[in-house]
Every structure is written in C-alpha cells, then in structure tokens.
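Student: This is start23.csv (CSV, C-alpha atoms).
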chain,number,residue,atom,x,y,z
D,1,MET,CA,-11.5,-12.8,19.4
D,2,ASN,CA,-9.7,-9.7,20.8
D,3,LEU,CA,-10.2,-6.7,18.5
D,4,GLU,CA,-7.1,-5.1,20.0
D,5,GLU,CA,-4.7,-7.8,19.0
D,6,THR,CA,-3.7,-6.2,15.7
D,7,LYS,CA,-3.5,-2.7,14.2
D,8,LYS,CA,-6.5,-1.9,12.0
D,9,LEU,CA,-4.7,-1.8,8.7
D,10,GLY,CA,-4.6,-5.1,6.8
D,11,PHE,CA,-2.5,-5.8,3.7
D,12,GLY,CA,-4.7,-7.1,0.9
D,13,LEU,CA,-2.6,-9.2,-1.4
D,14,MET,CA,-4.9,-9.3,-4.4
D,15,ARG,CA,-3.5,-6.3,-6.3
D,16,LEU,CA,0.2,-6.6,-5.9
D,17,PRO,CA,2.8,-4.7,-8.0
D,18,LYS,CA,3.5,-6.2,-11.4
D,19,LYS,CA,6.8,-6.9,-13.2
D,20,GLY,CA,6.0,-7.9,-16.7
D,21,ILE,CA,3.1,-10.3,-16.5
D,22,GLY,CA,4.0,-11.5,-13.0
D,23,ILE,CA,4.2,-10.1,-9.5
D,24,ASP,CA,7.1,-7.9,-8.6
D,25,ILE,CA,8.5,-9.9,-5.6
D,26,GLN,CA,11.2,-7.3,-4.8
D,27,GLU,CA,8.8,-4.4,-4.5
D,28,THR,CA,6.3,-6.7,-2.7
D,29,SER,CA,9.0,-7.6,-0.2
D,30,GLN,CA,9.8,-3.9,0.5
D,31,MET,CA,6.1,-3.3,1.1
D,32,VAL,CA,5.9,-6.3,3.4
D,33,ASP,CA,8.9,-5.0,5.4
D,34,ALA,CA,7.5,-1.5,5.7
D,35,PHE,CA,4.1,-2.9,6.8
D,36,LEU,CA,5.6,-5.1,9.6
D,37,ALA,CA,8.0,-2.3,10.7
D,38,ALA,CA,5.0,-0.1,11.4
D,39,GLY,CA,3.6,-2.8,13.7
D,40,CYS,CA,0.9,-4.0,11.3
D,41,THR,CA,0.5,-7.8,11.0
D,42,TYR,CA,-2.7,-8.8,9.1
D,43,PHE,CA,-2.1,-10.2,5.6
D,44,ASP,CA,-4.9,-11.4,3.3
D,45,THR,CA,-4.6,-13.6,0.3
D,46,ALA,CA,-6.8,-16.3,-1.4
D,47,HIS,CA,-6.6,-19.5,-3.5
D,48,VAL,CA,-8.2,-17.6,-6.5
D,49,TYR,CA,-5.9,-14.6,-6.4
D,50,GLY,CA,-3.6,-15.4,-9.3
D,51,GLY,CA,0.0,-15.7,-8.1
D,52,SER,CA,-0.7,-14.1,-4.7
D,53,GLU,CA,-0.2,-17.1,-2.5
D,54,GLU,CA,3.2,-17.9,-4.1
D,55,ALA,CA,4.2,-14.2,-3.7
D,56,THR,CA,3.1,-14.4,-0.1
D,57,ARG,CA,5.6,-17.2,0.5
D,58,LYS,CA,8.5,-15.4,-1.2
D,59,ALA,CA,7.9,-11.9,0.2
D,60,LEU,CA,6.6,-12.8,3.6
D,61,VAL,CA,6.8,-16.4,4.8
D,62,GLU,CA,10.4,-17.1,3.7
D,63,ARG,CA,11.6,-13.8,5.1
D,64,HIS,CA,10.0,-13.3,8.4
D,65,PRO,CA,9.3,-15.4,11.6
D,66,ARG,CA,5.9,-17.1,11.6
D,67,ASP,CA,4.9,-15.4,14.8
D,68,ALA,CA,5.5,-11.9,13.4
D,69,TYR,CA,2.3,-11.9,11.3
D,70,THR,CA,-1.1,-13.3,10.8
D,71,LEU,CA,-2.2,-14.7,7.5
D,72,ALA,CA,-5.7,-15.1,6.0
D,73,SER,CA,-6.6,-17.1,3.0
D,74,LYS,CA,-9.8,-18.4,1.4
D,75,LEU,CA,-11.6,-21.4,-0.2
D,76,TYR,CA,-13.8,-20.5,-3.2
D,77,ALA,CA,-16.4,-23.3,-3.8
D,78,PRO,CA,-17.9,-21.9,-7.0
D,79,THR,CA,-14.8,-22.9,-9.0
D,80,ALA,CA,-14.8,-26.5,-7.6
D,81,ILE,CA,-16.4,-29.3,-9.6
D,82,SER,CA,-16.6,-31.6,-6.6
D,83,GLU,CA,-16.4,-31.7,-2.8
D,84,LYS,CA,-12.9,-33.2,-3.1
D,85,ALA,CA,-11.8,-30.5,-5.4
D,86,ALA,CA,-13.1,-27.8,-3.1
D,87,LYS,CA,-11.2,-29.3,-0.1
D,88,LYS,CA,-8.1,-29.7,-2.2
D,89,GLN,CA,-7.9,-25.9,-2.4
D,90,PHE,CA,-6.7,-25.8,1.3
D,91,GLU,CA,-3.9,-28.3,0.5
D,92,THR,CA,-2.8,-26.1,-2.4
D,93,THR,CA,-2.9,-23.0,-0.3
D,94,MET,CA,-0.6,-24.7,2.3
D,95,GLN,CA,1.8,-25.8,-0.5
D,96,ARG,CA,1.8,-22.3,-2.2
D,97,THR,CA,2.3,-20.3,1.0
D,98,GLY,CA,4.4,-22.7,3.1
D,99,ALA,CA,3.0,-20.9,6.1
D,100,GLY,CA,2.5,-24.1,8.2
D,101,TYR,CA,-1.0,-22.9,9.3
D,102,ILE,CA,-3.5,-20.2,8.4
D,103,ASP,CA,-4.6,-17.8,11.1
D,104,TYR,CA,-7.8,-16.7,9.4
D,105,TYR,CA,-9.4,-19.1,6.9
D,106,LEU,CA,-12.5,-17.9,5.0
D,107,LEU,CA,-15.2,-19.6,3.0
D,108,HIS,CA,-15.0,-17.1,0.2
D,109,SER,CA,-17.6,-14.7,-1.4
D,110,LEU,CA,-20.8,-16.3,-0.1
D,111,MET,CA,-23.9,-14.9,-1.8
D,112,THR,CA,-27.4,-15.9,-2.8
D,113,ASN,CA,-26.4,-18.0,-5.9
D,114,ASN,CA,-23.6,-20.0,-4.3
D,115,TYR,CA,-23.9,-20.3,-0.5
D,116,ARG,CA,-25.7,-23.6,-0.7
D,117,LYS,CA,-22.7,-25.1,-2.4
D,118,TYR,CA,-20.7,-24.6,0.7
D,119,GLU,CA,-23.3,-26.6,2.6
D,120,LYS,CA,-23.6,-29.3,-0.1
D,121,PHE,CA,-19.8,-29.8,0.0
D,122,HIS,CA,-19.7,-29.8,3.8
D,123,LEU,CA,-17.2,-27.0,3.9
D,124,TRP,CA,-18.2,-25.6,7.3
D,125,GLU,CA,-17.6,-29.0,8.8
D,126,TYR,CA,-14.3,-29.2,6.9
D,127,GLY,CA,-13.3,-25.8,8.3
D,128,MET,CA,-14.0,-27.0,11.8
D,129,GLN,CA,-12.0,-30.1,11.2
D,130,LEU,CA,-9.0,-28.0,10.0
D,131,LYS,CA,-9.3,-25.9,13.1
D,132,LYS,CA,-9.4,-29.0,15.3
D,133,GLU,CA,-6.2,-30.3,13.6
D,134,GLY,CA,-4.4,-27.0,14.2
D,135,LYS,CA,-4.2,-26.2,10.5
D,136,ILE,CA,-6.2,-23.0,10.9
D,137,ARG,CA,-6.7,-20.8,13.9
D,138,HIS,CA,-10.0,-19.0,13.1
D,139,LEU,CA,-12.9,-19.9,10.7
D,140,GLY,CA,-15.0,-17.2,9.0
D,141,PHE,CA,-16.4,-16.2,5.7
D,142,SER,CA,-16.6,-13.3,3.2
D,143,TYR,CA,-19.9,-12.1,2.0
D,144,HIS,CA,-21.5,-10.3,-1.0
D,145,SER,CA,-25.3,-10.4,-0.6
D,146,GLY,CA,-28.0,-8.8,1.5
D,147,PRO,CA,-28.7,-8.6,5.3
D,148,ASP,CA,-31.4,-11.3,5.4
D,149,LEU,CA,-29.1,-14.1,4.1
D,150,LEU,CA,-26.3,-12.8,6.2
D,151,ASP,CA,-28.5,-13.1,9.3
D,152,GLN,CA,-29.5,-16.6,8.3
D,153,ILE,CA,-25.9,-17.7,7.8
D,154,LEU,CA,-24.7,-16.2,11.1
D,155,THR,CA,-27.6,-17.9,12.9
D,156,ASP,CA,-27.1,-21.3,11.2
D,157,HIS,CA,-23.3,-21.2,11.7
D,158,PRO,CA,-22.3,-20.0,15.2
D,159,GLU,CA,-18.9,-21.6,14.5
D,160,ALA,CA,-18.1,-18.5,12.3
D,161,GLU,CA,-15.7,-16.4,14.3
D,162,PHE,CA,-15.5,-13.4,12.0
D,163,VAL,CA,-17.1,-12.1,8.8
D,164,GLN,CA,-15.5,-10.2,5.9
D,165,LEU,CA,-17.8,-7.5,4.5
D,166,GLN,CA,-17.6,-4.8,1.8
D,167,LEU,CA,-17.9,-1.6,3.8
D,168,ASN,CA,-17.2,1.8,2.4
D,169,TYR,CA,-18.8,5.2,2.5
D,170,ALA,CA,-19.9,5.1,-1.1
D,171,ASP,CA,-21.8,1.8,-0.7
D,172,TRP,CA,-23.2,2.6,2.8
D,173,GLU,CA,-26.8,2.9,1.4
D,174,ASN,CA,-26.2,1.3,-2.0
D,175,PRO,CA,-29.2,-1.1,-2.4
D,176,SER,CA,-27.1,-3.6,-4.3
D,177,VAL,CA,-24.3,-3.8,-1.8
D,178,THR,CA,-26.2,-2.9,1.5
D,179,SER,CA,-23.1,-2.1,3.4
D,180,ARG,CA,-24.9,-0.4,6.4
D,181,ALA,CA,-27.5,-3.1,6.7
D,182,ASN,CA,-24.9,-5.9,6.6
D,183,TYR,CA,-22.8,-4.1,9.1
D,184,GLU,CA,-25.8,-3.8,11.5
D,185,VAL,CA,-26.5,-7.5,11.1
D,186,ALA,CA,-22.9,-8.4,12.0
D,187,ARG,CA,-23.0,-6.1,15.0
D,188,LYS,CA,-26.3,-7.7,16.2
D,189,HIS,CA,-24.5,-11.0,16.2
D,190,ASP,CA,-21.5,-9.4,17.9
D,191,ILE,CA,-19.1,-11.0,15.4
D,192,PRO,CA,-15.7,-9.3,14.5
D,193,ILE,CA,-15.6,-7.7,11.0
D,194,VAL,CA,-12.8,-7.6,8.5
D,195,VAL,CA,-13.5,-4.9,6.0
D,196,MET,CA,-12.9,-5.5,2.3
D,197,GLU,CA,-13.1,-2.9,-0.5
D,198,PRO,CA,-12.9,0.2,1.8
D,199,VAL,CA,-11.6,2.1,-1.2
D,200,LYS,CA,-14.0,0.3,-3.6
D,201,GLY,CA,-11.4,-1.2,-5.8
D,202,GLY,CA,-9.5,2.1,-6.0
D,203,ASN,CA,-12.5,4.2,-7.0
D,204,LEU,CA,-12.4,6.2,-3.8
D,205,ALA,CA,-8.7,6.8,-4.2
D,206,ASN,CA,-9.6,8.7,-7.3
D,207,PRO,CA,-13.2,9.8,-6.9
D,208,PRO,CA,-15.2,12.0,-9.2
D,209,ALA,CA,-13.9,15.6,-9.4
D,210,ASP,CA,-16.5,17.1,-7.1
D,211,VAL,CA,-15.9,14.6,-4.4
D,212,LYS,CA,-12.1,15.1,-4.7
D,213,GLU,CA,-12.5,18.9,-4.4
D,214,LEU,CA,-14.7,18.5,-1.3
D,215,LEU,CA,-12.1,16.3,0.4
D,216,LYS,CA,-9.2,18.5,-0.5
D,217,LYS,CA,-11.0,21.6,0.8
D,218,ALA,CA,-11.6,19.8,4.1
D,219,ASN,CA,-8.0,18.6,4.5
D,220,PRO,CA,-5.5,19.5,1.8
D,221,ASP,CA,-2.9,17.1,3.2
D,222,ALA,CA,-5.1,14.0,3.3
D,223,SER,CA,-5.3,11.7,0.4
D,224,PRO,CA,-8.8,10.6,-0.9
D,225,ALA,CA,-7.9,7.0,0.1
D,226,SER,CA,-7.2,8.1,3.7
D,227,TRP,CA,-10.8,9.3,4.1
D,228,ALA,CA,-12.2,6.0,2.9
D,229,ILE,CA,-9.9,3.7,5.0
D,230,ARG,CA,-10.4,5.8,8.1
D,231,PHE,CA,-14.1,5.7,7.7
D,232,ALA,CA,-14.1,1.9,7.6
D,233,ALA,CA,-11.6,1.7,10.5
D,234,SER,CA,-13.7,4.0,12.6
D,235,LEU,CA,-16.6,1.6,12.7
D,236,ASP,CA,-17.2,-0.4,15.9
D,237,GLY,CA,-16.3,-4.1,15.8
D,238,VAL,CA,-13.7,-3.9,13.1
D,239,LEU,CA,-10.8,-6.3,13.4
D,240,ALA,CA,-9.0,-5.2,10.2
D,241,VAL,CA,-9.5,-3.0,7.2
D,242,LEU,CA,-7.9,-4.5,4.1
D,243,SER,CA,-6.2,-2.2,1.6
D,244,GLY,CA,-5.1,-3.8,-1.7
D,245,MET,CA,-1.9,-1.9,-2.1
D,246,SER,CA,-0.1,-2.1,-5.4
D,247,ASN,CA,3.0,0.0,-4.8
D,248,MET,CA,5.2,1.5,-2.1
D,249,SER,CA,3.6,4.9,-2.6
D,250,GLN,CA,0.2,3.5,-1.5
D,251,MET,CA,1.9,1.7,1.4
D,252,ARG,CA,3.5,4.8,2.7
D,253,ASP,CA,0.3,6.8,2.4
D,254,ASN,CA,-1.7,4.2,4.3
D,255,LEU,CA,0.9,3.9,7.0
D,256,SER,CA,1.1,7.6,7.4
D,257,TYR,CA,-2.4,7.8,9.0
D,258,MET,CA,-3.0,4.1,10.1
D,259,THR,CA,0.2,3.5,12.1
D,260,ASP,CA,-1.2,5.7,14.8
D,261,PHE,CA,-4.9,5.5,13.8
D,262,LYS,CA,-7.3,8.1,14.9
D,263,PRO,CA,-11.1,7.6,14.2
D,264,LEU,CA,-12.9,10.2,12.2
D,265,ASP,CA,-14.3,13.0,14.3
D,266,GLU,CA,-17.8,14.5,13.9
D,267,GLN,CA,-16.6,17.3,11.6
D,268,GLU,CA,-14.8,14.8,9.4
D,269,MET,CA,-17.9,12.6,9.4
D,270,ALA,CA,-19.9,15.6,8.1
D,271,VAL,CA,-17.5,15.8,5.2
D,272,ILE,CA,-18.1,12.1,4.5
D,273,ARG,CA,-21.9,12.6,4.5
D,274,GLU,CA,-21.5,15.4,1.9
D,275,ALA,CA,-19.3,13.1,-0.2
D,276,GLN,CA,-22.0,10.4,0.0
D,277,LYS,CA,-24.6,12.9,-1.3
D,278,LEU,CA,-22.4,13.7,-4.2
D,279,LEU,CA,-21.8,10.1,-5.0
D,280,GLY,CA,-25.5,9.4,-4.8
D,281,ARG,CA,-25.8,11.5,-7.9
D,282,SER,CA,-22.9,9.7,-9.6
D,283,ASN,CA,-23.3,7.7,-12.8
D,284,LEU,CA,-20.1,5.7,-12.2
D,285,ILE,CA,-20.1,2.0,-12.6
D,286,PRO,CA,-19.4,0.4,-9.2
D,287,CYS,CA,-16.8,-2.0,-10.5
D,288,THR,CA,-13.9,-3.0,-8.1
D,289,SER,CA,-11.8,-4.7,-10.7
D,290,CYS,CA,-11.9,-8.1,-9.0
D,291,HIS,CA,-12.0,-9.8,-12.5
D,292,TYR,CA,-14.3,-12.6,-11.4
D,293,CYS,CA,-16.5,-11.6,-14.4
D,294,THR,CA,-13.7,-12.2,-16.9
D,295,LYS,CA,-12.8,-15.8,-16.1
D,296,GLY,CA,-15.5,-17.4,-18.2
D,297,CYS,CA,-16.2,-14.7,-20.7
D,298,PRO,CA,-16.4,-16.4,-24.2
D,299,LYS,CA,-15.4,-13.2,-25.9
D,300,GLU,CA,-12.5,-12.4,-23.5
D,301,ILE,CA,-13.9,-8.9,-23.0
D,302,ALA,CA,-11.8,-6.8,-20.6
D,303,ILE,CA,-14.8,-5.8,-18.6
D,304,PRO,CA,-13.1,-4.1,-15.5
D,305,GLU,CA,-10.7,-2.2,-17.8
D,306,ILE,CA,-13.6,-1.0,-20.0
D,307,PHE,CA,-15.5,0.1,-16.9
D,308,SER,CA,-12.5,2.0,-15.6
D,309,ILE,CA,-12.1,3.8,-18.8
D,310,MET,CA,-15.8,4.7,-18.9
D,311,ASN,CA,-15.6,5.9,-15.3
D,312,ALA,CA,-12.7,8.2,-16.2
D,313,ARG,CA,-14.8,9.6,-19.0
D,314,VAL,CA,-18.0,10.1,-16.9
D,315,GLY,CA,-16.6,10.9,-13.5
D,316,ASN,CA,-13.6,13.1,-14.4
D,317,GLY,CA,-14.5,14.3,-18.0
D,318,GLN,CA,-11.4,12.6,-19.5
D,319,LEU,CA,-12.8,12.4,-23.0
D,320,GLU,CA,-9.6,12.3,-25.0
D,321,ALA,CA,-7.7,10.2,-22.5
D,322,SER,CA,-10.5,7.6,-22.3
D,323,ALA,CA,-10.8,7.4,-26.1
D,324,ALA,CA,-7.1,6.7,-26.3
D,325,ALA,CA,-7.1,4.2,-23.5
D,326,TYR,CA,-10.0,2.3,-25.1
D,327,GLN,CA,-8.2,2.2,-28.5
D,328,ALA,CA,-5.1,0.7,-26.8
D,329,LEU,CA,-7.1,-1.8,-24.7
D,330,ALA,CA,-6.1,-5.5,-25.0
D,331,GLY,CA,-9.0,-8.0,-25.1
D,332,GLY,CA,-12.5,-8.0,-26.5
D,333,ARG,CA,-14.5,-4.8,-27.0
D,334,ALA,CA,-17.7,-3.9,-25.3
D,335,SER,CA,-19.7,-4.3,-28.5
D,336,GLU,CA,-18.6,-7.9,-28.7
D,337,CYS,CA,-20.8,-8.9,-25.7
D,338,ILE,CA,-23.2,-11.7,-26.6
D,339,SER,CA,-25.3,-11.3,-23.5
D,340,CYS,CA,-24.6,-14.7,-22.0
D,341,ARG,CA,-24.6,-13.1,-18.6
D,342,GLN,CA,-22.1,-15.5,-17.0
D,343,CYS,CA,-20.3,-12.4,-15.8
D,344,GLU,CA,-23.4,-11.1,-14.0
D,345,SER,CA,-23.7,-14.4,-12.0
D,346,ALA,CA,-20.1,-14.0,-10.9
D,347,CYS,CA,-20.1,-10.3,-10.0
D,348,PRO,CA,-20.0,-9.7,-6.3
D,349,GLN,CA,-21.2,-6.1,-6.9
D,350,HIS,CA,-24.3,-7.3,-8.7
D,351,ILE,CA,-23.7,-5.0,-11.6
D,352,GLN,CA,-25.9,-5.3,-14.7
D,353,ILE,CA,-22.8,-5.8,-16.8
D,354,VAL,CA,-24.5,-6.5,-20.1
D,355,GLN,CA,-26.4,-3.3,-19.9
D,356,GLU,CA,-23.4,-1.3,-18.8
D,357,LEU,CA,-21.3,-2.8,-21.7
D,358,LYS,CA,-23.9,-1.5,-24.2
D,359,LYS,CA,-23.6,2.0,-22.7
D,360,CYS,CA,-19.8,1.7,-22.9
D,361,ALA,CA,-19.9,0.6,-26.5
D,362,ALA,CA,-22.2,3.5,-27.4
D,363,ALA,CA,-19.9,6.1,-25.7
D,364,LEU,CA,-16.5,4.7,-26.5
D,365,GLU,CA,-17.0,3.2,-30.0
D,366,ALA,CA,-19.0,6.0,-31.5
Can you turn what I pasted into structure tokens?

Tutor:
Amino acid sequence: MNLEETKKLGFGLMRLPKKGIGIDIQETSQMVDAFLAAGCTYFDTAHVYGGSEEATRKALVERHPRDAYTLASKLYAPTAISEKAAKKQFETTMQRTGAGYIDYYLLHSLMTNNYRKYEKFHLWEYGMQLKKEGKIRHLGFSYHSGPDLLDQILTDHPEAEFVQLQLNYADWENPSVTSRANYEVARKHDIPIVVMEPVKGGNLANPPADVKELLKKANPDASPASWAIRFAASLDGVLAVLSGMSNMSQMRDNLSYMTDFKPLDEQEMAVIREAQKLLGRSNLIPCTSCHYCTKGCPKEIAIPEIFSIMNARVGNGQLEASAAAYQALAGGRASECISCRQCESACPQHIQIVQELKKCAAALEA
C-alpha cells in the first residue's frame, strides 16, 4: 500500500454533529464537502457506530462520485451471537452505506478477551473472500491490547494489509494502552498504520490547564488539538490520522494545519515531551467516550458523561460547573453501580470503571 496515496487527515464518522437525537445530515454534508475540497479522501465509519453508516450514505455516497473518496468500515464480532450474524454485518454495512464496495475493511477492536472469536467465526477467511470478490479493497484490523498479542496477530495473519492503533502523545508510555510499544511492533512488521484517538476522545483538545498553558505559550495560534494530530501524523508509516470531528469549527481547524501538513520539528517535539511529563502527573480518567461500556449496563449509568464531568472538576478545577452538569445528567448515577463489571470487559482503554465510579460518586454526590 502506498502511504502517499492520501493526505494524512482522515474523517472519523463516529462523533458526527447532532440534531435532536439524530445526526445532523446538513452540517455533516457541509463538513464532507470541505474535507474533500481540501484534497482529503479517507472516511472511517463502522457497523456499531449508531447512525453513522446511514449518515455516510446521505452526506457522502449519494452526493459525490465513488472515486472521489475512500471509505473504511468495520465488523465487530463481540456483538454477534453466531458466525452467520457476524458475517451479516458486512451485508448490513453495504445496505446502509450504498457504497458498492469498501476500500478499507477492518476486523474491529481486537483485544485479549475477544480476538479468538474472530478466529472461531473464520472472519479472517471471510475478509479474504470479500476481497477476492471485489467487495473490499484492503483488509486490516483495529487493536486495543498490548504489543505481544499484536505481534502474534501480525505474524499469524500476513493477509492483514494495515492496522489501526490508538496513538497519541498522552498514551505514548501509558502501560494500559502501550501506544509506543504497539507502534514499534507495527513498524517491525512494516505494515501501514491508521491512527485512532489521536486527540484521545477530545481530551487533548481540552487538556488540563497546565498543559493548555504550555502549548499556548509555545504557539499562541495553534489549537491544542493541532498539537495532538500533528504528533500522530508525524510518525513514520502512518497512512491516515482519524479525527472524530463533530462540527464545522473542528473541521476548519483541522484543515488549517493538515491540508498542507508539516511534521513537528525538534523544538515542537520538545514541547510535546514537556506536555507528556505534565500528563504523567495527571489524575484524569483516560475515557474516550466511545460508549462501548454503556451498551449492557443494567443500571443505564452514563459512564462517559460522568467521567467527562469528573475530568472537568479534576483537570480544570471546574467545581461549580461540574456539580451543575452532574445534577442535570440524564441516566443512572455513579453510586448506582452494582459492580457487575461488564463495562470493564468492553472498555478498549482498560479503565477500572467500577473503581473510578466510586471516586466519582464520592466527589460529585457529596
């Protein structure tokens, strides 16, 4: 695969703008148009991103020539009760998107507690069959565990043409995410990398106050998000860096520095290293608001929203605002957790959610 085929910025379609309880197709269409006009082409959706594949059809597929963009989507085996149900996800993706074919198809969110299910359901073979039939162009996988398993998967499956990894400067040495170690394994295998969570679910777009001050002092005109995305895009071997943009303002900001991308220089990398030191002392909860944890919660606890409120309290000292936000929160409260831990088995960040909810209850419900 040629890493020069596309501009580095990818449009992650997981956190699209909302209108009421649904996706705002009009604003999404405007964002798609701006993205393509800047020469960017990589769009990323998934079967499990609620409403995203349908929005992709309406905002992108029905409005632009098929050769004007590349589209990625994903198959998520953990939600499938059978091999047939797992394979049915691809058919559903084709119906929802109307794209005709998928350029980059991923076996989604492989990690220690689920990767064998992809083997059991013969999904690697299925992916190769889809490629042979011309229904997908490239087969890869996204990954959320440590370097040893990643090395094993890449060794066992040379048919994988790319891998999607969580890489950001905050998680570079994080022992639960192992960004650097995973990156080095991928480079050892000489496989192209798609970067997910470069802004860590938006956390690096609004980092703790001391990090924000550091970045602003280094470059008053650069947004915090720009530092995070440029860090990921500066890594060797990167095919695309996904940004889950939720409005036109975020799109404009990303395009302002990624249309004509320049890698971080050594002086800028020194700033990143200082930010990493500050974040290493941070008590923030490393939640990226993917909501995988909430799908089976028996108490319907709004876990990502609670963690976001707690991070605002801890990271930025927003005591009154966080208290008000918690009072207005829809869904179950932190203290209602019954410690069933289904959320922890689903969390790609490997957060000790039950323990963190207890801390949130103590701080926010006192």

Student: Here is a test: counting only C-alpha atoms, which residue of D:Ala324, D:Val61, D:Met128, D:Ala80 is nearest to D:Ala99?

Tutor: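 When distances to D:Ala99 are compared using only C-alpha atoms, the smallest one comes from D:Val61.
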
Student: Looking at all atoms listed in the file, which of D:Ala46, D:Ser176, D:Gln276, D:Thr93 is the one that sits closest to D:Leu204?

Tutor: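 That would be D:Gln276, the residue with the smallest distance to D:Leu204.
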
Student: Nearest to D:Arg116 among D:Ile153, D:Val241, D:Tyr104, D:Cys293, with distances taken over all atoms listed in the file: which residue is it?

Tutor: D:Ile153

Student: Have a look at D:Gln152, D:Ser142, D:Thr41, D:Asn174 and name the one nearest to D:Met196; count only C-alpha atoms.

Tutor: D:Ser142

Student: State, in Å with one decimal place, the distance from atom CA of D:Ile272 to atom CA of D:Trp227.

Tutor: 7.8 Å
